[in-house]
>>> print(open('run_10.txt').read())   # compact mmCIF, C-alpha atoms
# COMPACT_ATOMS: atom_id res chain seq x y z
CA MET A 1 -49.47 -48.22 19.84
CA LYS A 2 -51.38 -50.32 17.31
CA PHE A 3 -53.21 -53.62 17.73
CA LEU A 4 -53.28 -56.27 15.06
CA CYS A 5 -55.86 -59.02 14.76
CA VAL A 6 -53.51 -61.85 13.94
CA GLU A 7 -56.27 -64.08 12.57
CA CYS A 8 -57.43 -61.49 10.03
CA ASP A 9 -54.12 -59.63 9.66
CA THR A 10 -56.15 -56.45 10.15
CA GLN A 11 -55.42 -53.47 12.34
CA MET A 12 -57.86 -53.31 15.24
CA GLN A 13 -59.68 -50.06 15.90
CA PHE A 14 -59.97 -48.18 19.18
CA ASP A 15 -63.42 -48.85 20.57
CA GLU A 16 -63.78 -47.50 24.09
CA ARG A 17 -61.84 -46.65 27.20
CA HIS A 18 -62.57 -47.09 30.85
CA VAL A 19 -61.01 -45.27 33.78
CA PRO A 20 -62.07 -47.15 36.91
CA GLY A 21 -60.53 -44.60 39.26
CA ASP A 22 -58.05 -46.95 40.92
CA GLY A 23 -55.07 -45.71 38.95
CA THR A 24 -55.47 -48.27 36.20
CA PHE A 25 -56.70 -47.82 32.68
CA ALA A 26 -58.56 -50.02 30.22
CA ALA A 27 -59.06 -49.56 26.50
CA ALA A 28 -60.94 -51.86 24.16
CA PHE A 29 -60.01 -52.44 20.53
CA ALA A 30 -62.10 -54.26 17.93
CA CYS A 31 -61.23 -55.97 14.69
CA PRO A 32 -63.27 -54.41 11.86
CA THR A 33 -63.14 -57.68 9.90
CA CYS A 34 -64.12 -60.37 12.39
CA GLY A 35 -65.47 -58.23 15.23
CA ARG A 36 -63.15 -59.74 17.81
CA ARG A 37 -62.56 -57.36 20.75
CA ILE A 38 -59.59 -57.22 23.05
CA ALA A 39 -58.86 -55.06 26.07
CA MET A 40 -55.58 -53.37 26.88
CA LEU A 41 -55.26 -53.19 30.65
CA ALA A 42 -52.59 -50.82 31.95
CA ASN A 43 -51.25 -51.02 35.49
CA PRO A 44 -50.98 -47.85 37.62
CA MET A 45 -47.33 -47.28 36.71
CA GLU A 46 -48.01 -47.46 32.98
CA THR A 47 -51.09 -45.30 33.34
CA GLN A 48 -49.22 -42.67 35.35
CA LEU A 49 -46.38 -42.53 32.86
CA VAL A 50 -48.68 -41.91 29.91
CA ASP A 51 -50.73 -39.46 31.97
CA ALA A 52 -47.60 -37.55 32.91
CA LEU A 53 -46.88 -36.89 29.25
CA GLY A 54 -50.15 -34.98 28.97
CA VAL A 55 -51.41 -37.20 26.15
CA LYS A 56 -54.60 -39.22 25.85
CA ILE A 57 -54.74 -42.85 24.78
CA GLY A 58 -57.43 -43.15 22.14
CA GLY A 59 -56.80 -39.59 21.04
CA ARG A 60 -58.07 -36.22 22.17
CA THR A 61 -61.65 -35.28 21.52
CA LEU A 62 -61.48 -31.91 23.28
CA ASP A 63 -58.66 -29.39 23.14
CA ALA A 64 -56.35 -29.29 26.13
CA GLU A 65 -57.31 -26.75 28.77
CA PRO A 66 -54.69 -24.19 29.84
CA LEU A 67 -52.32 -25.70 32.39
CA GLU A 68 -54.39 -28.87 32.25
CA LEU A 69 -51.62 -31.19 33.38
CA MET A 70 -50.50 -28.92 36.19
CA ARG A 71 -54.00 -28.26 37.48
CA SER A 72 -54.99 -31.90 37.40
CA LYS A 73 -51.81 -33.21 39.00
CA VAL A 74 -50.62 -30.63 41.52
CA LEU A 75 -52.12 -30.28 44.99
CA GLY A 76 -52.44 -26.54 44.76
CA ARG A 77 -53.94 -23.65 46.68
CA GLU A 78 -57.66 -23.05 46.43
CA ASP A 79 -57.43 -19.43 45.32
CA ALA A 80 -54.72 -19.87 42.70
CA PHE A 81 -56.98 -19.17 39.71
CA VAL A 82 -59.84 -17.00 38.63
CA GLU A 83 -61.73 -18.39 35.69
CA ASP A 84 -63.57 -16.19 33.26
CA SER A 85 -65.59 -19.30 32.36
CA GLU A 86 -66.99 -19.33 35.92
CA VAL A 87 -68.85 -16.16 35.11
CA ALA A 88 -69.89 -17.27 31.65
CA ALA A 89 -70.94 -20.76 32.66
CA LYS A 90 -73.85 -20.06 34.98
CA PRO A 91 -76.16 -23.09 34.92
CA GLY A 92 -78.71 -22.96 32.16
CA SER A 93 -77.75 -19.50 30.98
CA GLY A 94 -77.23 -18.51 27.37
CA GLY A 95 -78.13 -21.89 25.90
CA ARG A 96 -75.46 -23.63 27.95
CA PRO A 97 -76.17 -26.98 29.58
CA ALA A 98 -77.78 -26.79 33.00
CA TRP A 99 -76.47 -28.65 36.03
CA THR A 100 -78.70 -30.77 38.20
CA ALA A 101 -78.36 -30.26 41.94
CA ASP A 102 -76.63 -33.59 42.49
CA ALA A 103 -74.22 -32.92 39.63
CA GLU A 104 -73.44 -29.50 41.15
CA GLU A 105 -72.93 -31.16 44.51
CA ARG A 106 -70.53 -33.65 42.98
CA LEU A 107 -68.65 -30.93 41.17
CA GLY A 108 -68.38 -29.09 44.48
CA ARG A 109 -66.31 -31.97 45.84
CA VAL A 110 -63.61 -31.36 43.20
CA PRO A 111 -60.77 -29.25 44.68
CA ARG A 112 -61.14 -25.60 43.69
CA PHE A 113 -57.63 -25.64 42.23
CA VAL A 114 -58.92 -27.77 39.37
CA ARG A 115 -62.70 -27.26 39.60
CA GLY A 116 -63.02 -24.47 37.05
CA MET A 117 -61.20 -26.53 34.46
CA VAL A 118 -63.19 -29.68 35.20
CA LYS A 119 -66.46 -27.75 34.97
CA LYS A 120 -65.47 -26.31 31.62
CA ILE A 121 -64.56 -29.75 30.30
CA TYR A 122 -67.95 -31.17 31.31
CA MET A 123 -69.72 -28.17 29.77
CA GLU A 124 -67.86 -28.61 26.50
CA TYR A 125 -68.53 -32.31 26.50
CA ALA A 126 -72.24 -31.74 27.04
CA THR A 127 -72.41 -29.03 24.38
CA GLU A 128 -70.56 -31.20 21.90
CA HIS A 129 -72.96 -34.10 22.51
CA GLY A 130 -76.13 -31.97 22.47
CA ILE A 131 -76.80 -32.63 26.15
CA ASP A 132 -78.99 -29.98 27.81
CA GLU A 133 -78.59 -31.11 31.39
CA ILE A 134 -75.48 -32.34 33.15
CA THR A 135 -76.23 -35.12 35.60
CA PRO A 136 -73.88 -37.43 37.53
CA ALA A 137 -74.49 -40.03 34.81
CA VAL A 138 -73.31 -37.58 32.15
CA MET A 139 -70.27 -36.81 34.27
CA ASP A 140 -69.49 -40.53 34.51
CA ARG A 141 -69.81 -40.94 30.79
CA ALA A 142 -67.58 -37.93 30.10
CA ARG A 143 -65.00 -39.20 32.58
CA THR A 144 -64.86 -42.53 30.81
CA GLU A 145 -64.83 -41.19 27.29
CA LEU A 146 -62.38 -38.40 27.96
CA GLY A 147 -60.14 -40.29 30.35
CA LEU A 148 -60.57 -37.80 33.19
CA GLU A 149 -58.89 -39.82 35.89
CA GLY A 150 -59.73 -38.49 39.35
CA MET A 151 -62.12 -35.76 38.11
CA MET B 1 -48.28 -69.23 9.74
CA THR B 2 -48.22 -65.65 8.44
CA PRO B 3 -45.42 -63.65 10.05
CA LEU B 4 -46.66 -60.88 12.32
CA ARG B 5 -46.65 -57.48 10.72
CA THR B 6 -44.84 -54.74 12.60
CA TYR B 7 -45.92 -51.26 13.69
CA ARG B 8 -44.52 -49.54 10.63
CA GLU B 9 -46.00 -52.14 8.31
CA LEU B 10 -49.51 -51.27 9.44
CA GLU B 11 -50.53 -48.30 7.39
CA GLY B 12 -53.42 -47.04 9.49
CA ASP B 13 -53.07 -44.39 12.18
CA ASP B 14 -52.88 -45.69 15.73
CA ARG B 15 -55.88 -43.49 16.61
CA SER B 16 -54.24 -42.38 19.87
CA GLY B 17 -51.78 -40.47 17.74
CA LEU B 18 -49.45 -40.07 20.72
CA ALA B 19 -46.61 -38.84 18.52
CA SER B 20 -48.84 -36.22 16.94
CA GLN B 21 -50.17 -35.21 20.35
CA VAL B 22 -46.59 -34.60 21.49
CA ALA B 23 -45.85 -32.73 18.26
CA ALA B 24 -48.92 -30.57 18.86
CA GLN B 25 -47.67 -29.78 22.36
CA ARG B 26 -44.34 -28.62 20.93
CA ALA B 27 -46.06 -26.58 18.25
CA ARG B 28 -48.11 -24.87 20.92
CA VAL B 29 -44.91 -23.83 22.73
CA ALA B 30 -43.44 -22.43 19.53
CA GLN B 31 -46.65 -20.59 18.73
CA ARG B 32 -46.95 -19.06 22.18
CA LEU B 33 -43.34 -17.92 22.23
CA ALA B 34 -43.38 -16.52 18.71
CA PRO B 35 -43.95 -12.94 19.95
CA VAL B 36 -41.06 -13.27 22.43
CA ARG B 37 -37.82 -11.90 21.02
CA HIS B 38 -35.32 -13.40 23.45
CA VAL B 39 -35.71 -16.45 25.67
CA VAL B 40 -32.84 -16.59 28.15
CA ALA B 41 -32.25 -19.13 30.89
CA VAL B 42 -30.44 -18.22 34.09
CA MET B 43 -28.66 -21.30 35.35
CA SER B 44 -26.02 -22.67 37.64
CA GLY B 45 -24.88 -26.16 38.35
CA LYS B 46 -25.02 -25.29 42.01
CA GLY B 47 -27.70 -24.19 44.43
CA GLY B 48 -27.48 -21.11 46.63
CA VAL B 49 -25.56 -18.89 44.23
CA GLY B 50 -28.40 -16.41 43.84
CA LYS B 51 -29.88 -17.36 40.47
CA SER B 52 -33.36 -16.26 41.41
CA TYR B 53 -32.12 -12.98 42.83
CA LEU B 54 -30.10 -12.39 39.66
CA THR B 55 -33.08 -13.31 37.49
CA ALA B 56 -35.31 -10.86 39.35
CA GLY B 57 -32.65 -8.18 39.25
CA LEU B 58 -32.02 -8.67 35.54
CA ALA B 59 -35.75 -8.60 34.81
CA VAL B 60 -36.39 -5.39 36.70
CA GLY B 61 -33.16 -3.81 35.51
CA VAL B 62 -33.89 -4.51 31.83
CA GLN B 63 -37.51 -3.44 32.23
CA GLU B 64 -36.65 -0.18 33.95
CA SER B 65 -33.81 0.66 31.59
CA GLY B 66 -36.19 0.53 28.65
CA GLY B 67 -35.36 -2.95 27.35
CA GLY B 68 -38.77 -4.46 28.11
CA PRO B 69 -41.38 -5.78 28.17
CA VAL B 70 -39.92 -8.57 30.26
CA GLY B 71 -41.39 -11.79 31.64
CA VAL B 72 -40.04 -14.21 34.23
CA LEU B 73 -40.83 -17.90 34.27
CA ASP B 74 -39.73 -19.60 37.45
CA ALA B 75 -38.78 -23.13 36.39
CA ASP B 76 -37.71 -24.12 39.88
CA LEU B 77 -40.82 -26.13 40.69
CA HIS B 78 -39.61 -27.38 44.06
CA GLY B 79 -38.01 -24.21 45.37
CA PRO B 80 -39.88 -21.38 43.66
CA THR B 81 -39.08 -17.85 44.78
CA ALA B 82 -39.69 -15.58 41.80
CA ALA B 83 -43.20 -14.58 42.83
CA ALA B 84 -42.05 -13.37 46.24
CA LEU B 85 -38.91 -11.69 44.90
CA LEU B 86 -40.93 -9.80 42.32
CA HIS B 87 -44.01 -9.24 44.48
CA ALA B 88 -46.29 -11.14 42.13
CA VAL B 89 -49.51 -11.35 44.10
CA GLY B 90 -53.02 -12.42 43.23
CA PRO B 91 -54.50 -15.30 41.32
CA VAL B 92 -53.66 -16.28 37.77
CA ARG B 93 -56.54 -15.53 35.43
CA ILE B 94 -57.74 -18.21 33.02
CA ALA B 95 -59.41 -16.71 29.99
CA ASP B 96 -59.54 -17.08 26.23
CA GLY B 97 -57.84 -20.45 26.26
CA ALA B 98 -54.78 -19.30 28.19
CA ALA B 99 -53.48 -18.51 31.64
CA HIS B 100 -52.49 -14.88 32.12
CA PRO B 101 -49.38 -14.07 34.14
CA VAL B 102 -49.52 -11.68 37.06
CA MET B 103 -48.16 -8.24 36.24
CA THR B 104 -45.88 -6.86 38.95
CA ALA B 105 -45.33 -3.23 39.93
CA PRO B 106 -42.11 -2.91 37.91
CA GLY B 107 -44.07 -4.12 34.88
CA VAL B 108 -42.57 -7.60 34.75
CA LYS B 109 -44.91 -10.53 34.02
CA VAL B 110 -44.33 -13.45 36.35
CA VAL B 111 -45.36 -17.08 36.59
CA SER B 112 -44.03 -19.27 39.33
CA MET B 113 -45.15 -22.47 41.02
CA GLU B 114 -45.06 -20.34 44.16
CA GLN B 115 -48.33 -18.74 42.99
CA PHE B 116 -50.06 -22.11 42.85
CA LEU B 117 -48.97 -23.62 46.16
CA ASP B 118 -50.18 -22.89 49.67
CA PRO B 119 -47.61 -20.92 51.69
CA ASP B 120 -44.96 -23.22 53.15
CA SER B 121 -46.40 -26.17 51.25
CA PRO B 122 -44.02 -28.35 49.24
CA LEU B 123 -44.87 -29.32 45.69
CA ARG B 124 -47.08 -32.40 46.02
CA TRP B 125 -48.66 -34.35 43.21
CA ARG B 126 -52.10 -35.88 43.11
CA GLU B 127 -50.54 -39.24 42.41
CA PRO B 128 -49.67 -42.22 44.58
CA GLU B 129 -46.02 -41.70 45.51
CA THR B 130 -45.24 -45.39 45.00
CA GLU B 131 -42.86 -45.77 42.07
CA GLY B 132 -42.89 -42.01 41.70
CA PHE B 133 -39.57 -42.12 39.90
CA VAL B 134 -41.42 -43.50 36.88
CA TRP B 135 -43.57 -40.44 36.28
CA ARG B 136 -42.15 -37.54 38.30
CA GLY B 137 -39.62 -36.41 35.70
CA ALA B 138 -42.18 -36.53 32.92
CA LEU B 139 -44.66 -34.54 35.00
CA GLU B 140 -42.10 -31.88 35.84
CA ALA B 141 -41.14 -31.52 32.19
CA GLY B 142 -44.85 -31.40 31.36
CA VAL B 143 -45.47 -28.56 33.81
CA LEU B 144 -42.54 -26.62 32.36
CA ARG B 145 -44.00 -27.17 28.90
CA GLU B 146 -47.36 -25.86 30.04
CA PHE B 147 -45.76 -22.79 31.62
CA LEU B 148 -44.26 -22.06 28.21
CA ALA B 149 -47.22 -23.04 26.05
CA ASP B 150 -50.28 -22.10 28.05
CA ILE B 151 -49.22 -18.79 29.59
CA GLU B 152 -50.22 -15.82 27.47
CA TRP B 153 -46.87 -14.04 27.63
CA GLY B 154 -47.83 -11.71 24.84
CA SER B 155 -45.25 -9.66 23.04
CA LEU B 156 -42.03 -9.63 25.07
CA GLU B 157 -38.53 -8.45 24.39
CA LEU B 158 -37.19 -10.86 26.93
CA LEU B 159 -38.44 -13.94 28.77
CA LEU B 160 -36.09 -14.95 31.56
CA ILE B 161 -36.31 -18.53 32.78
CA ASP B 162 -35.01 -19.16 36.26
CA LEU B 163 -33.75 -22.75 36.20
CA PRO B 164 -33.45 -24.90 39.31
CA PRO B 165 -30.01 -25.99 40.54
CA GLY B 166 -28.40 -28.75 38.54
CA THR B 167 -28.47 -29.39 34.83
CA ALA B 168 -31.46 -31.63 34.14
CA THR B 169 -33.98 -28.89 33.42
CA LEU B 170 -31.71 -27.24 30.87
CA GLY B 171 -32.01 -30.38 28.74
CA ASP B 172 -35.79 -30.28 28.96
CA LEU B 173 -35.81 -26.60 28.10
CA VAL B 174 -33.64 -27.05 25.03
CA GLU B 175 -36.03 -29.74 23.79
CA LEU B 176 -39.00 -27.47 24.31
CA VAL B 177 -37.45 -24.23 23.08
CA PRO B 178 -34.93 -25.03 20.35
CA ARG B 179 -34.58 -21.33 19.57
CA LEU B 180 -33.41 -20.48 23.09
CA THR B 181 -31.36 -17.27 22.82
CA GLY B 182 -28.86 -18.45 25.39
CA VAL B 183 -28.05 -18.97 29.03
CA VAL B 184 -26.51 -16.80 31.71
CA PRO B 185 -24.50 -18.95 34.12
CA VAL B 186 -24.31 -17.63 37.67
CA THR B 187 -21.52 -18.50 40.06
CA ILE B 188 -20.09 -17.38 43.36
CA PRO B 189 -16.30 -16.89 43.57
CA SER B 190 -15.49 -20.25 45.21
CA VAL B 191 -13.64 -23.12 43.57
CA GLU B 192 -16.52 -25.48 44.44
CA SER B 193 -18.97 -23.29 42.60
CA GLN B 194 -16.56 -22.99 39.70
CA ARG B 195 -16.46 -26.80 39.35
CA SER B 196 -20.24 -27.13 39.38
CA VAL B 197 -20.86 -24.26 37.01
CA THR B 198 -18.19 -25.61 34.65
CA ARG B 199 -20.23 -28.81 34.29
CA ALA B 200 -23.40 -26.84 33.62
CA MET B 201 -21.65 -24.67 31.04
CA GLU B 202 -20.14 -27.74 29.36
CA LEU B 203 -23.61 -29.22 29.07
CA ALA B 204 -24.98 -26.01 27.60
CA ARG B 205 -22.17 -25.95 25.07
CA GLU B 206 -22.72 -29.61 24.17
CA ARG B 207 -26.40 -28.88 23.58
CA GLY B 208 -25.50 -26.01 21.28
CA VAL B 209 -26.81 -23.33 23.63
CA ARG B 210 -25.12 -19.95 23.46
CA LEU B 211 -23.36 -18.89 26.66
CA LEU B 212 -24.18 -15.22 26.92
CA GLY B 213 -21.77 -14.42 29.71
CA VAL B 214 -21.04 -15.23 33.33
CA VAL B 215 -22.27 -13.33 36.35
CA GLU B 216 -20.32 -13.69 39.57
CA ASN B 217 -22.64 -13.14 42.48
CA MET B 218 -21.59 -12.41 46.07
CA SER B 219 -18.20 -11.34 44.77
CA GLU B 220 -17.62 -9.45 48.00
CA TYR B 221 -19.43 -8.12 51.03
CA SER B 222 -20.23 -4.49 50.53
CA CYS B 223 -21.21 -2.35 53.49
CA ALA B 224 -21.95 1.37 53.38
CA THR B 225 -20.43 1.76 56.86
CA CYS B 226 -17.52 -0.63 57.14
CA GLY B 227 -16.49 -0.94 53.48
CA SER B 228 -15.95 -4.05 51.36
CA ARG B 229 -14.29 -7.37 52.03
CA PRO B 230 -14.22 -10.77 50.25
CA LEU B 231 -16.88 -13.30 51.16
CA PHE B 232 -15.37 -16.33 49.45
CA ALA B 233 -11.87 -17.23 48.35
CA GLY B 234 -11.65 -17.64 44.59
CA ASN B 235 -12.15 -15.93 41.30
CA ALA B 236 -14.65 -18.24 39.61
CA GLY B 237 -16.42 -15.65 37.49
CA ALA B 238 -13.32 -14.48 35.61
CA LEU B 239 -11.90 -18.01 35.32
CA LEU B 240 -15.14 -19.42 33.87
CA ALA B 241 -15.44 -16.52 31.44
CA GLU B 242 -11.88 -17.07 30.28
CA ARG B 243 -12.19 -20.85 29.98
CA PHE B 244 -15.34 -20.65 27.87
CA GLY B 245 -14.37 -17.52 25.96
CA VAL B 246 -17.43 -15.57 27.04
CA PRO B 247 -17.77 -12.16 28.68
CA LEU B 248 -17.87 -11.68 32.41
CA LEU B 249 -21.08 -9.69 32.56
CA GLY B 250 -20.26 -8.45 35.99
CA ARG B 251 -19.46 -9.08 39.60
CA VAL B 252 -22.30 -8.48 41.99
CA PRO B 253 -21.41 -7.69 45.59
CA PHE B 254 -23.49 -8.95 48.47
CA ARG B 255 -25.09 -5.92 50.04
CA ALA B 256 -27.05 -6.51 53.21
CA GLU B 257 -29.23 -3.48 52.63
CA VAL B 258 -30.44 -4.75 49.25
CA SER B 259 -32.69 -7.72 49.73
CA ASP B 260 -35.65 -6.71 47.63
CA PRO B 261 -34.98 -6.81 43.90
CA GLY B 262 -38.65 -6.51 43.08
CA ALA B 263 -39.22 -3.13 44.68
CA PRO B 264 -39.35 -0.78 41.71
CA SER B 265 -37.57 2.10 43.37
CA ARG B 266 -34.61 -0.04 44.39
CA ALA B 267 -34.39 -2.62 41.66
CA PRO B 268 -31.73 -1.01 39.45
CA GLU B 269 -29.58 -0.61 42.55
CA GLY B 270 -29.97 -4.33 43.24
CA LEU B 271 -27.67 -5.17 40.34
CA PRO B 272 -24.84 -2.95 39.21
CA HIS B 273 -25.88 -0.94 36.18
CA GLU B 274 -22.98 -2.31 34.14
CA VAL B 275 -24.39 -5.83 34.48
CA ILE B 276 -27.67 -4.72 32.97
CA THR B 277 -25.90 -2.76 30.25
CA ARG B 278 -23.57 -5.63 29.28
CA PHE B 279 -26.39 -8.11 29.38
CA ARG B 280 -28.45 -5.99 27.01
CA GLU B 281 -25.42 -5.57 24.76
CA VAL B 282 -24.81 -9.32 24.43
CA LEU B 283 -28.48 -9.90 23.73
CA ASP B 284 -28.28 -7.58 20.77
CA GLN B 285 -25.11 -9.13 19.35
>>> encode(input="run_10.txt", output="structure tokens")
Amino acid sequence: MKFLCVECDTQMQFDERHVPGDGTFAAAFACPTCGRRIAMLANPMETQLVDALGVKIGGRTLDAEPLELMRSKVLGREDAFVEDSEVAAKPGSGGRPAWTADAEERLGRVPRFVRGMVKKIYMEYATEHGIDEITPAVMDRARTELGLEGM
Amino acid sequence: MTPLRTYRELEGDDRSGLASQVAAQRARVAQRLAPVRHVVAVMSGKGGVGKSYLTAGLAVGVQESGGGPVGVLDADLHGPTAAALLHAVGPVRIADGAAHPVMTAPGVKVVSMEQFLDPDSPLRWREPETEGFVWRGALEAGVLREFLADIEWGSLELLLIDLPPGTATLGDLVELVPRLTGVVPVTIPSVESQRSVTRAMELARERGVRLLGVVENMSEYSCATCGSRPLFAGNAGALLAERFGVPLLGRVPFRAEVSDPGAPSRAPEGLPHEVITRFREVLDQ
């Protein structure tokens, strides 16, 4: 999908995305010539369809996790997976980002079926952005930027 | 007024790169399956013919007759049984950017939705069910893709894919694995089964998939005490093989005492040896 600024006859550039958590999706595009911004607002059906393809509007910034689609979409059993990253990703160890208590508490509310993957995604996001400490605010920002609906 | 330019007239990338994301997904499947010599689907147009039992029996039979290593991917997301049939227990390990299949006692690697669901729990999605028809098919195909692309199957001689009843998943599989070695259609002797399996075989042929040979399951009831007798009227296995010009790999009797194809000591007895032998022969042709 491309967006064209009709006034300038210029292709608009992806600017930001927003996942409000109600099944809908918003993405902003800006015209590099005149600065005009528009928002693409997708309804739940459109959002679900794109989501189901395992692709990300605005492009991927992190590699897909193993079984990412399955783990994020299936209501699965709590003990289905063991994650090697769980051992490696102890808070604050080995130069990895630390987790604040409230961020840990929030992560604890994520179903175990998908928790290991979600944790790894937040860790990678923080590492990539030079963030030393993962807080709920960092989690919110990562959710929005990465399009982590429901995580 | 300047006419609107169209998608193809805009030279820049669309940033989302959805087409390239899909292409990358396909490439990941091809890359993961590169060390797998044969990818074979076990299918039937009809439910209840014993596809999963045949898949498990073929897997263990090939493994134990020296034709391995073998893996089994249970593509029946709504009625998965491969994990139980092959005694695949324990969690799936996520490490090194991949999910690692559970190794069973006979040495067969297994991945099945059964391993990811609570016992007796149906497959449920974390999505509002309203308008589910819009996304359900795409999600199911996506999960199949991930089972192929994200599972570290390693070097295998044979990956058997147990397809669900019907024909829809075969189409998805052919899209995802263009180099599919072939399919093994399974039927029971009845005319009704013959009709359903004919449709499935026609579809496979239309999609350019090699029909490796037909297996007729439950060809008769075999009892060590009271002898053998037919279970169903009909001769579907031979008729399908003749119609499509493919070998009848074998006729498998229903034996009440054999209900556990995953038990290593009994597995080769679960399927007649000639079925395993013929199957291995057609694979090598």
>>> atom_distance(input="run_10.txt", atom1="CA of Val39 in chain B", atom2="CA of Thr198 in chain B")
21.7 Å
>>> closest_residue(input="run_10.txt", among="A:Glu46, A:Asp140, A:Glu128, A:Glu83", to="chain B", atoms="only C-alpha atoms")
A:Glu83
>>> axis_aligned_box(input="run_10.txt", around="range 139-148 of chain A", padding_each_side="3 Å", output="AutoDock Vina command-line options")
--center_x -65.2 --center_y -39.7 --center_z 30.9 --size_x 16.1 --size_y 11.7 --size_z 13.2
>>> interface_residues(input="run_10.txt", of="chain A", to="chain B", cutoff="6 Å", atoms="all atoms listed in the file", output="list in words")
Met1, Lys2, Leu49, Ala52, Leu53, Ile57, Gly58, Gly59, Pro66, Leu67, Met70, Lys73, Val74, Leu75, Gly76, Arg77, Ala80, Phe81, Val82, Glu83 and Asp84 of chain A
>>> atom_distance(input="run_10.txt", atom1="CA of Pro69 in chain B", atom2="CA of Glu157 in chain B")
5.4 Å
>>> residues_around(input="run_10.txt", residues="Gly130 in chain A", least_positions_apart="3", cutoff="12 Å", atoms="all atoms listed in the file", output="list in words")
Gly95, Arg96, Pro97, Ala98, Met123, Glu124, Tyr125, Ala126, Thr127, Glu133, Ile134 and Val138 of chain A
>>> residues_near_point(input="run_10.txt", point="(-43.2, -10.6, 18.2)", cutoff="8 Å", atoms="all atoms listed in the file", output="PyMOL selection string")
chain B and resi 34-37+155-156
>>> atom_distance(input="run_10.txt", atom1="CA of Arg278 in chain B", atom2="CA of Gly66 in chain B")
14.1 Å
>>> residues_around(input="run_10.txt", residues="Phe29 in chain A", least_positions_apart="6", cutoff="10 Å", atoms="all atoms listed in the file", output="list in words")
Lys2, Phe3, Leu4, Cys5, Gln11, Met12, Gln13, Phe14, Asp15, Glu16, Arg17, Gly35, Arg36, Arg37, Ile38, Ala39, Met40 and Gly58 of chain A
>>> closest_residue(input="run_10.txt", among="A:Thr61, A:Thr100, A:Ser72, A:Gln48", to="Ala142 in chain A", atoms="all atoms listed in the file")
A:Thr61
>>> closest_residue(input="run_10.txt", among="A:Lys56, A:Pro20, A:Cys31, A:Lys119", to="Pro44 in chain A", atoms="all atoms listed in the file")
A:Pro20
>>> residues_around(input="run_10.txt", residues="Arg115 in chain A", least_positions_apart="5", cutoff="10 Å", atoms="all atoms listed in the file", output="ChimeraX atom specification")
/A:71-72,78,81,83,86,107-110,120-121,151
